[in-house]
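K.L.:
Encoded as structure tokens, here's the structure I'll be asking about.
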Amino acid sequence: MTGIRPTIVLVTTHAALGRVYERHLERFAKVVLVPEIAEFERQALRLHASLLVVDVGSVGGDDDVVSSIRKLRKQPTTKALHIVVFAARASSDFVSALHGVGTDDIILTPHSTPRDIAERLHNMILL
């Protein structure tokens, strides 16, 4: 990897969660925390993110997440962005909807440690 670290944008309103992931991801990526997807959209060009991680618990309902990702996939500046969704739980309909709008990965957070999640995100950036 070159001297330039990729940027991961984490959409979350949970400060503690944000700090945990900042600590686990900082060795290979710059982590930027934003409280809502709309804030990411406003800053997308400036941030040059490699990966967007959306914490479902911070964004709203399942439909809000799906429609936000659908909107991002239609924009030329974010169309090729890797998008990962963190969820405490997810119904099969929600998972299907996420895949249908182009989500690259869905991570069920209760089943993974922050270190495991960081490694998974790191591998995704390397692809």
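We name chains A, B, ... following the order of the structure tokens; residues begin at 1 in each chain, and ligands are numbered from 1 as shown.
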How would you write, as a VMD selection string, the set of residues in chain A that DSSP gives as alpha helix (DSSP H)?

P.N.:
chain A and resid 15 to 25 37 to 47 56 to 59 62 to 74 92 to 100 114 to 126

K.L.:
Which polymer residues have any atom within 9 Å of an atom of segment 121-124 of chain A, counting only C-alpha atoms, with same-chain residues fewer than 4 positions away left out, as a PyMOL selection string?

P.N.:
chain A and resi 8+25+28-29+51+82+84+116-117

K.L.:
Write out, as a PDB file, in the first residue's frame, the residues just selected, with C-alpha atoms.

P.N.:
ATOM      1  CA  ILE A   8     -13.459   5.225   5.579  1.00  0.00           C
ATOM      2  CA  LEU A  25      -9.135   1.050  11.726  1.00  0.00           C
ATOM      3  CA  PHE A  28      -4.600   1.320   7.769  1.00  0.00           C
ATOM      4  CA  ALA A  29      -7.210   4.016   7.094  1.00  0.00           C
ATOM      5  CA  LEU A  51     -15.555   2.964   1.845  1.00  0.00           C
ATOM      6  CA  HIS A  82     -17.829   0.453  -1.502  1.00  0.00           C
ATOM      7  CA  VAL A  84     -21.085  -1.652   3.992  1.00  0.00           C
ATOM      8  CA  ASP A 116     -12.787  -8.938  12.989  1.00  0.00           C
ATOM      9  CA  ILE A 117     -14.890  -6.190  11.425  1.00  0.00           C
TER      10      ILE A 117
END

K.L.:
Enumerate the residues of chain A with a DSSP assignment of strand (DSSP E or B), computed from the backbone, and present them as a VMD selection string.

P.N.:
chain A and resid 7 to 11 30 to 34 51 to 55 82 to 87 105 to 108

K.L.:
Work out how far apart atom CA of Val59 of chain A and atom CA of Leu126 of chain A are and give it in Å to one decimal.

P.N.:
26.7 Å

K.L.:
Write out as JSON, numbers by chain the residues lying within 12 Å of Asp64 of chain A, counting only C-alpha atoms and excluding same-chain residues fewer than 4 positions away.

P.N.:
{"A": [36, 37, 38, 54, 55, 56, 57, 58, 59, 60, 68, 69, 70, 71, 94, 97, 98]}

K.L.:
Keeping only N, CA and C atoms, take the residues you just selected and write them out as a compact mmCIF listing (two decimals), in the first residue's frame.

P.N.:
# COMPACT_ATOMS: atom_id res chain seq x y z
N GLU A 36 -24.97 11.56 9.77
CA GLU A 36 -26.07 11.17 8.89
C GLU A 36 -25.59 11.06 7.45
N ILE A 37 -26.32 10.29 6.67
CA ILE A 37 -25.93 10.08 5.28
C ILE A 37 -25.97 11.39 4.51
N ALA A 38 -26.93 12.25 4.82
CA ALA A 38 -27.02 13.55 4.13
C ALA A 38 -25.73 14.35 4.32
N VAL A 54 -22.38 2.31 7.01
CA VAL A 54 -23.61 2.89 7.54
C VAL A 54 -24.09 2.04 8.72
N ASP A 55 -24.17 2.66 9.87
CA ASP A 55 -24.70 2.00 11.07
C ASP A 55 -26.22 2.16 11.05
N VAL A 56 -26.94 1.08 10.80
CA VAL A 56 -28.39 1.13 10.67
C VAL A 56 -29.04 1.74 11.90
N GLY A 57 -28.53 1.45 13.07
CA GLY A 57 -29.10 1.97 14.30
C GLY A 57 -29.03 3.49 14.40
N SER A 58 -28.19 4.12 13.61
CA SER A 58 -28.04 5.57 13.64
C SER A 58 -28.82 6.28 12.55
N VAL A 59 -29.16 5.56 11.52
CA VAL A 59 -29.72 6.20 10.33
C VAL A 59 -31.23 6.30 10.36
N GLY A 60 -31.88 5.37 10.97
CA GLY A 60 -33.34 5.36 10.94
C GLY A 60 -33.82 3.97 10.62
N SER A 68 -31.50 5.60 0.93
CA SER A 68 -30.27 6.40 0.93
C SER A 68 -29.19 5.75 0.07
N ILE A 69 -29.05 4.44 0.19
CA ILE A 69 -28.03 3.74 -0.61
C ILE A 69 -28.42 3.76 -2.08
N ARG A 70 -29.69 3.59 -2.36
CA ARG A 70 -30.16 3.67 -3.76
C ARG A 70 -29.80 5.03 -4.35
N LYS A 71 -30.03 6.09 -3.58
CA LYS A 71 -29.72 7.45 -4.03
C LYS A 71 -28.22 7.62 -4.27
N PHE A 94 -34.83 -7.35 4.35
CA PHE A 94 -33.93 -6.20 4.44
C PHE A 94 -32.60 -6.52 3.76
N ALA A 97 -33.13 -6.41 0.06
CA ALA A 97 -33.27 -5.03 -0.40
C ALA A 97 -31.91 -4.34 -0.45
N LEU A 98 -31.07 -4.57 0.56
CA LEU A 98 -29.74 -3.97 0.57
C LEU A 98 -28.89 -4.46 -0.60

K.L.:
Quote the spacing between atom CA of Ser67 of chain A and atom CA of Pro35 of chain A in Å to one decimal place.

P.N.:
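Spanning atom CA of Ser67 of chain A to atom CA of Pro35 of chain A is a straight-line distance of 17.0 Å.
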
K.L.:
Calculate how many Å separate atom CA of Glu26 of chain A from atom CA of Thr13 of chain A, rounding to one decimal.

P.N.:
19.1 Å
